[in-house]
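To be precise, the following lines are run01.pdb, and they hold PDB, C-alpha atoms.
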```
ATOM      1  CA  MET A   1      27.602  47.930  83.554
ATOM      2  CA  ALA A   2      26.791  45.551  86.402
ATOM      3  CA  LEU A   3      29.750  43.393  85.403
ATOM      4  CA  VAL A   4      32.109  46.340  85.352
ATOM      5  CA  SER A   5      31.034  47.527  88.801
ATOM      6  CA  GLU A   6      31.364  44.003  90.143
ATOM      7  CA  PHE A   7      34.872  43.782  88.708
ATOM      8  CA  LEU A   8      35.785  47.182  90.147
ATOM      9  CA  SER A   9      34.447  46.223  93.575
ATOM     10  CA  GLN A  10      36.953  43.364  93.598
ATOM     11  CA  LEU A  11      39.787  45.808  93.023
ATOM     12  CA  THR A  12      39.250  47.564  96.338
ATOM     13  CA  LEU A  13      42.463  49.344  97.224
ATOM     14  CA  ALA A  14      44.240  48.001 100.273
ATOM     15  CA  HIS A  15      47.539  49.112 101.810
ATOM     16  CA  THR A  16      50.523  48.923  99.526
ATOM     17  CA  GLY A  17      53.848  47.725 100.839
ATOM     18  CA  GLU A  18      55.186  51.106 101.870
ATOM     19  CA  GLU A  19      57.101  51.447 105.107
ATOM     20  CA  GLU A  20      54.787  51.826 108.063
ATOM     21  CA  PRO A  21      54.441  55.481 109.053
ATOM     22  CA  LYS A  22      55.988  56.331 112.414
ATOM     23  CA  PHE A  23      54.277  58.014 115.379
ATOM     24  CA  PRO A  24      57.153  58.620 117.809
ATOM     25  CA  THR A  25      57.104  60.506 121.114
ATOM     26  CA  VAL A  26      60.895  60.845 121.040
ATOM     27  CA  VAL A  27      62.225  62.799 118.065
ATOM     28  CA  PRO A  28      65.586  64.419 117.250
ATOM     29  CA  VAL A  29      66.127  67.589 119.258
ATOM     30  CA  ARG A  30      66.814  70.786 117.313
ATOM     31  CA  ASP A  31      70.084  72.723 117.830
ATOM     32  CA  PHE A  32      71.721  69.495 118.959
ATOM     33  CA  ASP A  33      75.160  69.844 120.573
ATOM     34  CA  PRO A  34      76.555  66.399 121.440
ATOM     35  CA  ALA A  35      79.734  67.753 123.076
ATOM     36  CA  LYS A  36      77.698  69.953 125.400
ATOM     37  CA  ASP A  37      75.345  67.036 126.246
ATOM     38  CA  ALA A  38      78.343  64.774 126.915
ATOM     39  CA  ALA A  39      79.907  67.344 129.263
ATOM     40  CA  ARG A  40      76.607  67.760 131.147
ATOM     41  CA  ILE A  41      76.274  63.980 131.541
ATOM     42  CA  GLU A  42      79.859  63.697 132.794
ATOM     43  CA  ALA A  43      79.186  66.438 135.377
ATOM     44  CA  ALA A  44      75.926  64.694 136.391
ATOM     45  CA  ILE A  45      77.733  61.378 136.906
ATOM     46  CA  LYS A  46      80.510  63.018 138.943
ATOM     47  CA  THR A  47      78.092  64.905 141.203
ATOM     48  CA  LYS A  48      77.955  63.519 144.724
ATOM     49  CA  GLY A  49      74.974  61.161 144.751
ATOM     50  CA  VAL A  50      74.612  61.407 140.920
ATOM     51  CA  ASP A  51      72.348  63.980 139.249
ATOM     52  CA  GLU A  52      69.889  61.518 137.673
ATOM     53  CA  GLN A  53      67.549  64.285 136.517
ATOM     54  CA  THR A  54      70.087  65.707 134.035
ATOM     55  CA  ILE A  55      70.857  62.237 132.643
ATOM     56  CA  ILE A  56      67.108  61.617 132.186
ATOM     57  CA  ASP A  57      66.481  65.050 130.650
ATOM     58  CA  ILE A  58      69.162  64.519 128.042
ATOM     59  CA  LEU A  59      68.934  60.843 127.092
ATOM     60  CA  THR A  60      65.128  60.502 127.028
ATOM     61  CA  ARG A  61      64.747  63.606 124.827
ATOM     62  CA  ARG A  62      67.250  62.683 122.091
ATOM     63  CA  SER A  63      66.816  60.301 119.178
ATOM     64  CA  TYR A  64      68.913  57.114 119.045
ATOM     65  CA  GLU A  65      71.272  58.660 116.457
ATOM     66  CA  GLN A  66      71.785  61.640 118.738
ATOM     67  CA  ARG A  67      72.456  59.423 121.765
ATOM     68  CA  ARG A  68      75.081  57.616 119.716
ATOM     69  CA  ASP A  69      76.761  60.940 118.909
ATOM     70  CA  ILE A  70      76.695  61.840 122.622
ATOM     71  CA  ALA A  71      78.353  58.499 123.478
ATOM     72  CA  PHE A  72      81.086  59.201 120.922
ATOM     73  CA  GLU A  73      81.721  62.696 122.319
ATOM     74  CA  TYR A  74      81.611  61.368 125.888
ATOM     75  CA  GLU A  75      84.366  58.876 125.215
ATOM     76  CA  ARG A  76      86.528  61.621 123.715
ATOM     77  CA  LEU A  77      85.919  63.905 126.660
ATOM     78  CA  ALA A  78      85.967  61.517 129.630
ATOM     79  CA  LYS A  79      88.334  58.891 128.156
ATOM     80  CA  LYS A  80      85.868  56.167 129.133
ATOM     81  CA  ASP A  81      82.854  54.416 127.697
ATOM     82  CA  LEU A  82      79.474  56.083 128.365
ATOM     83  CA  ILE A  83      77.618  52.760 128.825
ATOM     84  CA  THR A  84      80.114  51.658 131.498
ATOM     85  CA  ALA A  85      79.856  55.045 133.205
ATOM     86  CA  LEU A  86      76.032  54.894 133.203
ATOM     87  CA  LYS A  87      76.106  51.347 134.627
ATOM     88  CA  GLY A  88      78.276  52.595 137.463
ATOM     89  CA  ALA A  89      76.126  55.649 138.150
ATOM     90  CA  LEU A  90      72.606  54.222 137.898
ATOM     91  CA  SER A  91      70.807  51.172 139.261
ATOM     92  CA  GLY A  92      67.569  49.199 139.111
ATOM     93  CA  SER A  93      64.776  50.020 136.672
ATOM     94  CA  LEU A  94      66.201  53.429 135.773
ATOM     95  CA  GLU A  95      69.495  51.822 134.754
ATOM     96  CA  ALA A  96      67.678  49.231 132.611
ATOM     97  CA  LEU A  97      65.667  51.959 130.882
ATOM     98  CA  ILE A  98      68.610  54.287 130.170
ATOM     99  CA  LEU A  99      70.854  51.438 128.947
ATOM    100  CA  GLY A 100      67.964  50.319 126.721
ATOM    101  CA  LEU A 101      67.907  53.782 125.143
ATOM    102  CA  MET A 102      71.607  53.476 124.282
ATOM    103  CA  LYS A 103      70.729  50.677 121.840
ATOM    104  CA  SER A 104      68.913  51.045 118.516
ATOM    105  CA  THR A 105      65.341  49.706 118.489
ATOM    106  CA  ALA A 106      66.488  46.531 116.694
ATOM    107  CA  GLN A 107      69.483  46.045 119.019
ATOM    108  CA  TYR A 108      67.201  46.492 122.001
ATOM    109  CA  ASP A 109      64.676  43.943 120.690
ATOM    110  CA  ALA A 110      67.519  41.519 119.921
ATOM    111  CA  SER A 111      68.954  41.910 123.459
ATOM    112  CA  GLU A 112      65.525  41.381 125.016
ATOM    113  CA  LEU A 113      65.047  38.221 122.946
ATOM    114  CA  LYS A 114      68.495  36.952 123.961
ATOM    115  CA  ALA A 115      67.793  37.676 127.652
ATOM    116  CA  SER A 116      64.454  35.838 127.419
ATOM    117  CA  MET A 117      66.291  32.666 126.352
ATOM    118  CA  LYS A 118      69.343  32.891 128.586
ATOM    119  CA  GLY A 119      69.972  30.652 131.566
ATOM    120  CA  LEU A 120      67.442  28.353 133.178
ATOM    121  CA  GLY A 121      63.904  28.505 131.888
ATOM    122  CA  THR A 122      62.603  30.667 129.091
ATOM    123  CA  ASP A 123      60.721  33.934 129.504
ATOM    124  CA  GLU A 124      58.028  32.979 126.997
ATOM    125  CA  GLU A 125      56.045  36.148 127.614
ATOM    126  CA  THR A 126      58.846  38.340 126.203
ATOM    127  CA  LEU A 127      59.469  35.949 123.336
ATOM    128  CA  ILE A 128      55.778  36.023 122.368
ATOM    129  CA  GLU A 129      55.452  39.785 122.732
ATOM    130  CA  ILE A 130      58.400  40.586 120.471
ATOM    131  CA  VAL A 131      58.112  37.856 117.839
ATOM    132  CA  CYS A 132      54.333  38.151 117.459
ATOM    133  CA  SER A 133      54.113  41.956 117.409
ATOM    134  CA  ARG A 134      56.989  42.974 115.126
ATOM    135  CA  SER A 135      56.462  43.463 111.403
ATOM    136  CA  ASP A 136      58.462  41.391 108.909
ATOM    137  CA  GLU A 137      60.540  44.471 108.192
ATOM    138  CA  GLU A 138      61.397  44.795 111.892
ATOM    139  CA  LEU A 139      62.071  41.049 112.257
ATOM    140  CA  VAL A 140      64.502  41.013 109.316
ATOM    141  CA  GLU A 141      66.487  43.804 110.984
ATOM    142  CA  ILE A 142      66.304  42.101 114.417
ATOM    143  CA  LYS A 143      67.666  38.828 112.955
ATOM    144  CA  LYS A 144      70.577  40.643 111.312
ATOM    145  CA  VAL A 145      71.435  42.569 114.488
ATOM    146  CA  TYR A 146      71.013  39.424 116.645
ATOM    147  CA  LYS A 147      73.624  37.642 114.566
ATOM    148  CA  ASP A 148      75.989  40.642 114.747
ATOM    149  CA  MET A 149      75.609  40.950 118.519
ATOM    150  CA  PHE A 150      75.575  37.318 119.618
ATOM    151  CA  LYS A 151      77.252  35.455 116.732
ATOM    152  CA  LYS A 152      74.263  33.106 116.625
ATOM    153  CA  GLU A 153      71.157  32.747 114.488
ATOM    154  CA  LEU A 154      67.950  33.853 116.217
ATOM    155  CA  GLU A 155      66.120  30.877 114.642
ATOM    156  CA  LYS A 156      68.590  28.417 116.146
ATOM    157  CA  ASP A 157      68.258  29.916 119.615
ATOM    158  CA  ILE A 158      64.450  29.858 119.434
ATOM    159  CA  ALA A 159      64.470  26.260 118.175
ATOM    160  CA  GLY A 160      66.782  25.252 121.031
ATOM    161  CA  ASP A 161      64.696  26.990 123.664
ATOM    162  CA  THR A 162      61.109  26.144 122.729
ATOM    163  CA  SER A 163      59.336  23.022 121.556
ATOM    164  CA  GLY A 164      56.304  21.588 119.818
ATOM    165  CA  ASP A 165      53.692  23.674 118.020
ATOM    166  CA  PHE A 166      54.735  26.796 119.934
ATOM    167  CA  ALA A 167      58.265  26.511 118.486
ATOM    168  CA  LYS A 168      56.873  25.860 114.997
ATOM    169  CA  LEU A 169      54.721  28.993 115.095
ATOM    170  CA  LEU A 170      57.539  31.244 116.355
ATOM    171  CA  LEU A 171      59.931  29.839 113.747
ATOM    172  CA  ALA A 172      57.374  30.323 110.974
ATOM    173  CA  LEU A 173      57.019  33.988 112.034
ATOM    174  CA  VAL A 174      60.777  34.557 112.305
ATOM    175  CA  GLN A 175      61.219  33.190 108.761
ATOM    176  CA  THR A 176      59.449  36.388 107.592
ATOM    177  CA  LYS A 177      57.541  34.795 104.722
ATOM    178  CA  ARG A 178      54.541  37.133 105.028
ATOM    179  CA  ASP A 179      52.940  38.284 101.766
ATOM    180  CA  GLU A 180      53.229  41.951 100.904
ATOM    181  CA  PRO A 181      49.848  43.693 101.107
ATOM    182  CA  SER A 182      48.304  43.800  97.650
ATOM    183  CA  ASN A 183      46.238  46.467  95.931
ATOM    184  CA  VAL A 184      43.828  43.788  94.799
ATOM    185  CA  VAL A 185      41.547  42.141  97.324
ATOM    186  CA  ASP A 186      41.289  38.427  96.551
ATOM    187  CA  TYR A 187      37.826  37.526  97.825
ATOM    188  CA  GLN A 188      38.198  33.866  96.843
ATOM    189  CA  LYS A 189      41.406  33.506  98.864
ATOM    190  CA  ILE A 190      39.815  35.311 101.825
ATOM    191  CA  ASP A 191      36.956  32.833 101.755
ATOM    192  CA  ASP A 192      39.276  29.824 101.303
ATOM    193  CA  ASP A 193      41.469  30.876 104.236
ATOM    194  CA  ALA A 194      38.498  31.556 106.502
ATOM    195  CA  ARG A 195      37.066  28.143 105.712
ATOM    196  CA  SER A 196      40.470  26.448 106.153
ATOM    197  CA  LEU A 197      40.884  28.028 109.603
ATOM    198  CA  TYR A 198      37.425  26.793 110.575
ATOM    199  CA  GLU A 199      37.943  23.280 109.182
ATOM    200  CA  ALA A 200      41.368  23.011 110.832
ATOM    201  CA  GLY A 201      39.993  23.982 114.226
ATOM    202  CA  VAL A 202      36.469  24.385 115.523
ATOM    203  CA  LYS A 203      34.904  22.069 112.930
ATOM    204  CA  ARG A 204      37.025  19.013 113.717
ATOM    205  CA  LYS A 205      38.151  17.066 116.755
ATOM    206  CA  GLY A 206      41.625  18.301 117.692
ATOM    207  CA  THR A 207      43.352  21.157 115.881
ATOM    208  CA  ASP A 208      45.380  21.069 112.684
ATOM    209  CA  VAL A 209      47.854  23.629 114.005
ATOM    210  CA  ALA A 210      50.056  23.468 110.887
ATOM    211  CA  THR A 211      47.265  24.994 108.778
ATOM    212  CA  TRP A 212      46.725  27.777 111.327
ATOM    213  CA  ASN A 213      50.474  28.409 111.475
ATOM    214  CA  SER A 214      50.879  28.797 107.740
ATOM    215  CA  ILE A 215      47.897  31.143 107.326
ATOM    216  CA  PHE A 216      48.834  33.248 110.369
ATOM    217  CA  SER A 217      52.493  33.542 109.395
ATOM    218  CA  GLN A 218      52.266  33.925 105.613
ATOM    219  CA  ARG A 219      49.263  36.083 104.757
ATOM    220  CA  SER A 220      49.390  39.865 104.618
ATOM    221  CA  ILE A 221      47.811  41.747 107.497
ATOM    222  CA  PRO A 222      45.035  43.499 105.497
ATOM    223  CA  HIS A 223      44.154  40.071 104.063
ATOM    224  CA  LEU A 224      44.024  38.458 107.521
ATOM    225  CA  GLN A 225      41.800  41.233 108.869
ATOM    226  CA  LYS A 226      39.281  40.338 106.160
ATOM    227  CA  VAL A 227      39.766  36.597 106.778
ATOM    228  CA  PHE A 228      38.854  36.998 110.472
ATOM    229  CA  GLU A 229      35.751  38.952 109.488
ATOM    230  CA  ARG A 230      34.751  36.272 106.949
ATOM    231  CA  TYR A 231      35.564  33.529 109.493
ATOM    232  CA  LYS A 232      32.489  34.538 111.514
ATOM    233  CA  SER A 233      30.224  33.348 108.710
ATOM    234  CA  TYR A 234      31.629  29.814 109.103
ATOM    235  CA  SER A 235      32.233  29.522 112.821
ATOM    236  CA  PRO A 236      29.847  30.109 115.737
ATOM    237  CA  TYR A 237      32.848  31.696 117.548
ATOM    238  CA  ASP A 238      35.038  34.568 116.406
ATOM    239  CA  MET A 239      38.768  33.960 115.864
ATOM    240  CA  LYS A 240      39.842  34.825 119.408
ATOM    241  CA  GLU A 241      37.147  32.647 121.004
ATOM    242  CA  SER A 242      38.126  29.813 118.652
ATOM    243  CA  ILE A 243      41.780  30.126 119.669
ATOM    244  CA  ARG A 244      40.802  29.918 123.351
ATOM    245  CA  LYS A 245      38.761  26.787 122.690
ATOM    246  CA  GLU A 246      41.309  25.055 120.469
ATOM    247  CA  VAL A 247      44.767  25.634 121.958
ATOM    248  CA  LYS A 248      46.274  26.281 125.365
ATOM    249  CA  GLY A 249      49.369  27.708 127.039
ATOM    250  CA  ASP A 250      52.041  29.577 125.092
ATOM    251  CA  LEU A 251      50.513  28.613 121.751
ATOM    252  CA  GLU A 252      47.196  30.163 122.777
ATOM    253  CA  LYS A 253      48.946  33.332 123.972
ATOM    254  CA  SER A 254      50.875  33.558 120.691
ATOM    255  CA  PHE A 255      47.828  33.220 118.443
ATOM    256  CA  LEU A 256      45.871  35.717 120.569
ATOM    257  CA  THR A 257      48.767  38.196 120.427
ATOM    258  CA  LEU A 258      48.902  37.833 116.646
ATOM    259  CA  VAL A 259      45.160  38.476 116.246
ATOM    260  CA  GLU A 260      45.332  41.487 118.562
ATOM    261  CA  CYS A 261      48.306  42.915 116.648
ATOM    262  CA  PHE A 262      46.714  42.283 113.249
ATOM    263  CA  GLU A 263      43.574  44.075 114.396
ATOM    264  CA  ASN A 264      45.204  47.004 116.243
ATOM    265  CA  LYS A 265      48.852  46.726 117.253
ATOM    266  CA  GLN A 266      48.912  49.963 119.267
ATOM    267  CA  LEU A 267      45.880  48.862 121.277
ATOM    268  CA  TYR A 268      47.706  45.585 122.021
ATOM    269  CA  PHE A 269      50.647  47.554 123.486
ATOM    270  CA  ALA A 270      48.311  49.908 125.370
ATOM    271  CA  ASN A 271      46.586  46.905 126.988
ATOM    272  CA  ARG A 272      49.939  45.318 127.883
ATOM    273  CA  LEU A 273      51.085  48.548 129.512
ATOM    274  CA  ASN A 274      47.840  48.803 131.441
ATOM    275  CA  GLU A 275      48.035  45.191 132.709
ATOM    276  CA  ALA A 276      51.734  45.513 133.570
ATOM    277  CA  MET A 277      51.199  48.690 135.587
ATOM    278  CA  LYS A 278      48.134  47.409 137.395
ATOM    279  CA  SER A 279      49.762  44.138 138.446
ATOM    280  CA  LYS A 280      51.127  44.016 141.968
ATOM    281  CA  GLY A 281      54.557  45.612 142.076
ATOM    282  CA  ALA A 282      54.149  47.012 138.544
ATOM    283  CA  LYS A 283      55.860  44.664 136.088
ATOM    284  CA  GLU A 284      58.551  47.217 135.423
ATOM    285  CA  LYS A 285      60.399  45.048 132.904
ATOM    286  CA  VAL A 286      57.358  44.957 130.624
ATOM    287  CA  VAL A 287      56.670  48.680 131.043
ATOM    288  CA  THR A 288      60.317  49.532 130.313
ATOM    289  CA  ARG A 289      60.444  47.252 127.269
ATOM    290  CA  ILE A 290      57.352  48.704 125.617
ATOM    291  CA  MET A 291      58.239  52.334 126.389
ATOM    292  CA  VAL A 292      61.844  51.965 125.204
ATOM    293  CA  SER A 293      61.145  49.825 122.141
ATOM    294  CA  ARG A 294      58.197  51.897 120.858
ATOM    295  CA  CYS A 295      59.129  55.500 121.787
ATOM    296  CA  GLU A 296      60.706  56.093 118.367
ATOM    297  CA  VAL A 297      58.146  53.940 116.517
ATOM    298  CA  ASP A 298      54.497  54.372 117.533
ATOM    299  CA  LEU A 299      54.230  55.399 121.186
ATOM    300  CA  MET A 300      52.160  58.460 120.235
ATOM    301  CA  LYS A 301      49.493  56.140 118.795
ATOM    302  CA  ILE A 302      49.766  53.795 121.788
ATOM    303  CA  ARG A 303      49.011  56.823 123.997
ATOM    304  CA  THR A 304      45.886  57.577 121.937
ATOM    305  CA  GLU A 305      44.634  53.987 122.255
ATOM    306  CA  PHE A 306      45.420  53.950 125.969
ATOM    307  CA  LYS A 307      43.355  57.063 126.583
ATOM    308  CA  ARG A 308      40.492  55.825 124.413
ATOM    309  CA  HIS A 309      40.172  52.497 126.222
ATOM    310  CA  GLN A 310      41.283  53.276 129.777
ATOM    311  CA  LYS A 311      39.467  56.614 130.105
ATOM    312  CA  ARG A 312      42.664  58.161 131.455
ATOM    313  CA  SER A 313      46.000  58.983 129.900
ATOM    314  CA  LEU A 314      49.101  56.812 129.832
ATOM    315  CA  TYR A 315      50.874  59.733 131.535
ATOM    316  CA  GLN A 316      48.431  59.578 134.468
ATOM    317  CA  ALA A 317      48.769  55.787 134.746
ATOM    318  CA  ILE A 318      52.577  56.037 134.863
ATOM    319  CA  ALA A 319      52.355  58.807 137.462
ATOM    320  CA  GLU A 320      50.119  56.619 139.628
ATOM    321  CA  HIS A 321      51.864  53.246 139.330
ATOM    322  CA  THR A 322      55.586  54.078 139.277
ATOM    323  CA  LYS A 323      57.852  56.262 141.390
ATOM    324  CA  GLY A 324      61.131  58.135 141.714
ATOM    325  CA  ASP A 325      63.612  58.726 138.917
ATOM    326  CA  TYR A 326      62.275  55.719 137.015
ATOM    327  CA  GLN A 327      58.874  57.434 136.887
ATOM    328  CA  LYS A 328      60.472  60.677 135.666
ATOM    329  CA  ALA A 329      62.206  58.822 132.836
ATOM    330  CA  LEU A 330      58.980  57.045 131.788
ATOM    331  CA  LEU A 331      57.002  60.293 131.833
ATOM    332  CA  SER A 332      59.651  61.927 129.684
ATOM    333  CA  LEU A 333      59.519  59.084 127.116
ATOM    334  CA  CYS A 334      55.731  59.296 127.207
ATOM    335  CA  GLY A 335      56.153  62.835 125.937
ATOM    336  CA  GLY A 336      53.125  64.501 127.476
ATOM    337  CA  ASP A 337      49.648  64.108 128.948
ATOM    338  CA  ASP A 338      46.521  63.552 126.860
TER
END
```

What would the structure in this file look like if it were written as structure tokens?
Amino acid sequence: MALVSEFLSQLTLAHTGEEEPKFPTVVPVRDFDPAKDAARIEAAIKTKGVDEQTIIDILTRRSYEQRRDIAFEYERLAKKDLITALKGALSGSLEALILGLMKSTAQYDASELKASMKGLGTDEETLIEIVCSRSDEELVEIKKVYKDMFKKELEKDIAGDTSGDFAKLLLALVQTKRDEPSNVVDYQKIDDDARSLYEAGVKRKGTDVATWNSIFSQRSIPHLQKVFERYKSYSPYDMKESIRKEVKGDLEKSFLTLVECFENKQLYFANRLNEAMKSKGAKEKVVTRIMVSRCEVDLMKIRTEFKRHQKRSLYQAIAEHTKGDYQKALLSLCGGDD
């Protein structure tokens, strides 16, 4: 009997490769009338001084598919393109947010990646946030859309814009070679990976980054969660402390982002929102990007994590740190107070 129970204990059920459940704050509106919405937006744009409130009320409370239908109806009605009209009517952070909503989540991520690599200097922070926090499923879609939109391969652009071990890690992640989560927990492989991470880093002089890269970019997330737990029995430091000791700069930020996302992705976003809003002159680009890119994915869960760790709601933080129409749009995407 002991043997049987031992065998069964090795078959612990983990996540299977189903699509991640969604926890959106923005959902399709019932009794949707795109022609009526389009007419209201056209009237709002034509109003002297622009009626931003109506534009916000409509576009932040419709799903992406519905916004696309509105854009189609708008063009029929006004004989011009809705995006162009919105660009003319809005400005600043509100414009960036509303135009972001007119793209699908994957198109938006692809545009943000492109913008982070355009012109002089790279915005590594954006690159790290998107590449290290998106699932393989999301990255596959982003790569496809990136090619459609910009006629270039995302991998090529990343390779041309980054260098060294940082580039190698990002490229390994973008190649989407991550194992599917398995129903069977492989304790031997967990132990081997934990030991390999230790021997490639803390145990030796210098860091064998290639070994870290391959484990971080190829193993399933439930497996890695167990590896990081097991890692503590080899190393005097946990995984995050080890990363801080072993690597620096963008590579350090990337590995830390990965660990945080493997452990609790929504908490990672909640912390980023908190830091972005608290920084002097709220980093509106970061706030906009997270709110727009996650409102139809998991913003409801991000709200829960925010409240749990900040002892106040995301809604309250937005109300305190932002202002004007931009604030109204963020609060609407947030979808309520906790």

Residues at most 10 Å from A:Ala44, counting only C-alpha atoms, excluding those fewer than 5 positions away in the same chain, as JSON, numbers by chain? {"A": [38, 39, 49, 50, 51, 52, 53, 54, 55, 89]}

Where does stretch 47-142 of chain A meet stretch 316-336 of chain A within 9 Å, residue by residue, with the nearest atom pair and distance in Å to one decimal for each, counting only C-alpha atoms, listed by chain and rising number, as CSV?
```
residue,atom,partner,partner_atom,distance
A:Glu52,CA,A:Asp325,CA,7.0
A:Gln53,CA,A:Asp325,CA,7.2
A:Ile56,CA,A:Ala329,CA,5.7
A:Asp57,CA,A:Ser332,CA,7.6
A:Thr60,CA,A:Leu333,CA,5.8
A:Arg61,CA,A:Ser332,CA,7.2
A:Gly92,CA,A:Tyr326,CA,8.7
A:Ser93,CA,A:Tyr326,CA,6.2
A:Leu94,CA,A:Tyr326,CA,4.7
A:Glu95,CA,A:Tyr326,CA,8.5
A:Leu97,CA,A:Ala329,CA,7.9
A:Ile98,CA,A:Ala329,CA,8.3
```

Determine, counting only C-alpha atoms, which protein, DNA and RNA residues have an atom within 9 Å of an atom of stretch 291-305 of chain A; residues of the same chain fewer than 4 positions away are not included. Present the result as a PDB file with C-alpha atoms, keeping the file's coordinate frame.
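So the final result, stored in result13.pdb, reads:
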```pdb
ATOM      1  CA  PRO A  21      54.441  55.481 109.053  1.00  0.00           C
ATOM      2  CA  LYS A  22      55.988  56.331 112.414  1.00  0.00           C
ATOM      3  CA  PHE A  23      54.277  58.014 115.379  1.00  0.00           C
ATOM      4  CA  PRO A  24      57.153  58.620 117.809  1.00  0.00           C
ATOM      5  CA  THR A  25      57.104  60.506 121.114  1.00  0.00           C
ATOM      6  CA  VAL A  26      60.895  60.845 121.040  1.00  0.00           C
ATOM      7  CA  VAL A  27      62.225  62.799 118.065  1.00  0.00           C
ATOM      8  CA  SER A  63      66.816  60.301 119.178  1.00  0.00           C
ATOM      9  CA  TYR A  64      68.913  57.114 119.045  1.00  0.00           C
ATOM     10  CA  LEU A  97      65.667  51.959 130.882  1.00  0.00           C
ATOM     11  CA  ILE A  98      68.610  54.287 130.170  1.00  0.00           C
ATOM     12  CA  GLY A 100      67.964  50.319 126.721  1.00  0.00           C
ATOM     13  CA  LEU A 101      67.907  53.782 125.143  1.00  0.00           C
ATOM     14  CA  SER A 104      68.913  51.045 118.516  1.00  0.00           C
ATOM     15  CA  THR A 105      65.341  49.706 118.489  1.00  0.00           C
ATOM     16  CA  ALA A 106      66.488  46.531 116.694  1.00  0.00           C
ATOM     17  CA  TYR A 108      67.201  46.492 122.001  1.00  0.00           C
ATOM     18  CA  ASP A 109      64.676  43.943 120.690  1.00  0.00           C
ATOM     19  CA  LYS A 265      48.852  46.726 117.253  1.00  0.00           C
ATOM     20  CA  GLN A 266      48.912  49.963 119.267  1.00  0.00           C
ATOM     21  CA  LEU A 267      45.880  48.862 121.277  1.00  0.00           C
ATOM     22  CA  TYR A 268      47.706  45.585 122.021  1.00  0.00           C
ATOM     23  CA  PHE A 269      50.647  47.554 123.486  1.00  0.00           C
ATOM     24  CA  ALA A 270      48.311  49.908 125.370  1.00  0.00           C
ATOM     25  CA  ASN A 271      46.586  46.905 126.988  1.00  0.00           C
ATOM     26  CA  LEU A 273      51.085  48.548 129.512  1.00  0.00           C
ATOM     27  CA  VAL A 286      57.358  44.957 130.624  1.00  0.00           C
ATOM     28  CA  VAL A 287      56.670  48.680 131.043  1.00  0.00           C
ATOM     29  CA  HIS A 309      40.172  52.497 126.222  1.00  0.00           C
ATOM     30  CA  GLN A 310      41.283  53.276 129.777  1.00  0.00           C
ATOM     31  CA  SER A 313      46.000  58.983 129.900  1.00  0.00           C
ATOM     32  CA  LEU A 314      49.101  56.812 129.832  1.00  0.00           C
ATOM     33  CA  TYR A 315      50.874  59.733 131.535  1.00  0.00           C
ATOM     34  CA  LEU A 330      58.980  57.045 131.788  1.00  0.00           C
ATOM     35  CA  LEU A 333      59.519  59.084 127.116  1.00  0.00           C
ATOM     36  CA  CYS A 334      55.731  59.296 127.207  1.00  0.00           C
ATOM     37  CA  GLY A 335      56.153  62.835 125.937  1.00  0.00           C
ATOM     38  CA  ASP A 337      49.648  64.108 128.948  1.00  0.00           C
ATOM     39  CA  ASP A 338      46.521  63.552 126.860  1.00  0.00           C
TER      40      ASP A 338
END
```

Find the residues around A:Cys132 up to 7 Å (only C-alpha atoms counted), leave out those fewer than 3 positions away in its own chain, and share them as a VMD selection string. chain A and resid 128 to 129 254 257 to 258

Quick one: residues within 12 Å of A:Gly249, all atoms listed in the file counted, chain neighbours fewer than 4 positions away excluded, as a list in words?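 My list of contacting residues is Glu124, Glu125, Ile128, Gly164, Asp165, Phe166, Ile243, Arg244, Lys245, Lys253, Ser254, Phe255 and Leu256 of chain A.
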
Within 10 Å of A:Gly121, counting all atoms listed in the file, which residues qualify if same-chain residues fewer than 5 places away don't, as a list in words? Ser116, Asp161 and Thr162 of chain A

Identify the residues within 12 Å of coordinate (70.9, 46.7, 114.9) (same frame as the file), considering only C-alpha atoms, and give the answer as a list in words.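 The residues that fall inside the cut-off are Tyr64, Met102, Lys103, Ser104, Thr105, Ala106, Gln107, Tyr108, Asp109, Ala110, Ser111, Glu138, Leu139, Val140, Glu141, Ile142, Lys143, Lys144, Val145, Tyr146, Lys147, Asp148, Met149 and Phe150 of chain A.
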
Quick one: pull the distance between atom CA of A:Lys36 and atom CA of A:Lys87, Å, one decimal. 20.8 Å

Could you tell me which of A:Asp157, A:Met239, A:Arg219, A:Ile290 comes closest to A:Leu113 if we count all atoms listed in the file? A:Asp157

So what do you get for atom CA of A:Lys48 versus atom CA of A:Phe72, distance-wise?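 Value for the atom CA of A:Lys48-atom CA of A:Phe72 distance: 24.4 Å.
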